[in-house]
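Okay, so here's the structure we're looking at.
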Amino acid sequence: MDSLFRPLATPLPAHLEPYQFWIWLQIVMIRAYVRAVRGKGILFSTLIDRRGNVYLNWIEKDPEDLTPDPFSFTPSKAYQAALSGPEPAHPGERRDLVPLAAPSPRRIAYIPHIFTQSPLPLPDT
């Protein structure tokens, strides 16, 4: 029999005994995942919580020993420059943002009285 399907190493608590098959099945799935990602013969640890959920705790190999992730993304210099904004033309120069247009006091005087009243009454419930 392959080590993928070996039984649980430690006995379960009494309240998890009825769910032993389902817990074993979760561990087999984690074993299959570790084999697919890291290869056969890699040490790893699993945790079983009080409700019978199984979690992967740690895996033996360091990330430096692994093949690089094909979906990893390293932003280019152009991408980083686009996110950081334009650089100043001269050292020490500072480009301030255009100030936002604020309403003049004259315009504030024309705001209808309905918007400046006291807070709205509470809704009927």
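Residue numbering restarts at 1 for every chain of the structure tokens, chains are lettered A, B, ... in their displayed order, and ligands are numbered from 1 as they appear.
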
(request) Can you pull out every residue within 7 Å of range 49-60 of chain A, counting only C-alpha atoms, but drop anything in the same chain fewer than 5 positions away, and send it as a PyMOL selection string? (result) chain A and resi 16+23+26-27+42-44

(request) Can you work out the spacing between CA of Ile30 in chain A and CA of Phe73 in chain A in Å, to one decimal? (result)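 It comes out at 26.7 Å.
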
(request) May I ask for the distance between CA of Arg38 in chain A and CA of Ser76 in chain A, given in Å to one decimal place? (result)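 Interatomic distance here is 29.3 Å.
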
(message) Which residue is closest to Gln20 in chain A? Choose from A:Asp2, A:Ile48, A:Gly39, A:Pro75 and count only C-alpha atoms.
(response)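 That would be A:Ile48, the residue with the smallest distance to Gln20 in chain A.
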
(request) Could you tell me how far CA of Gly41 in chain A lies from CA of Met29 in chain A, in Å and to one decimal? (result)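 Computed distance, CA of Gly41 in chain A to CA of Met29 in chain A, equals 15.6 Å.
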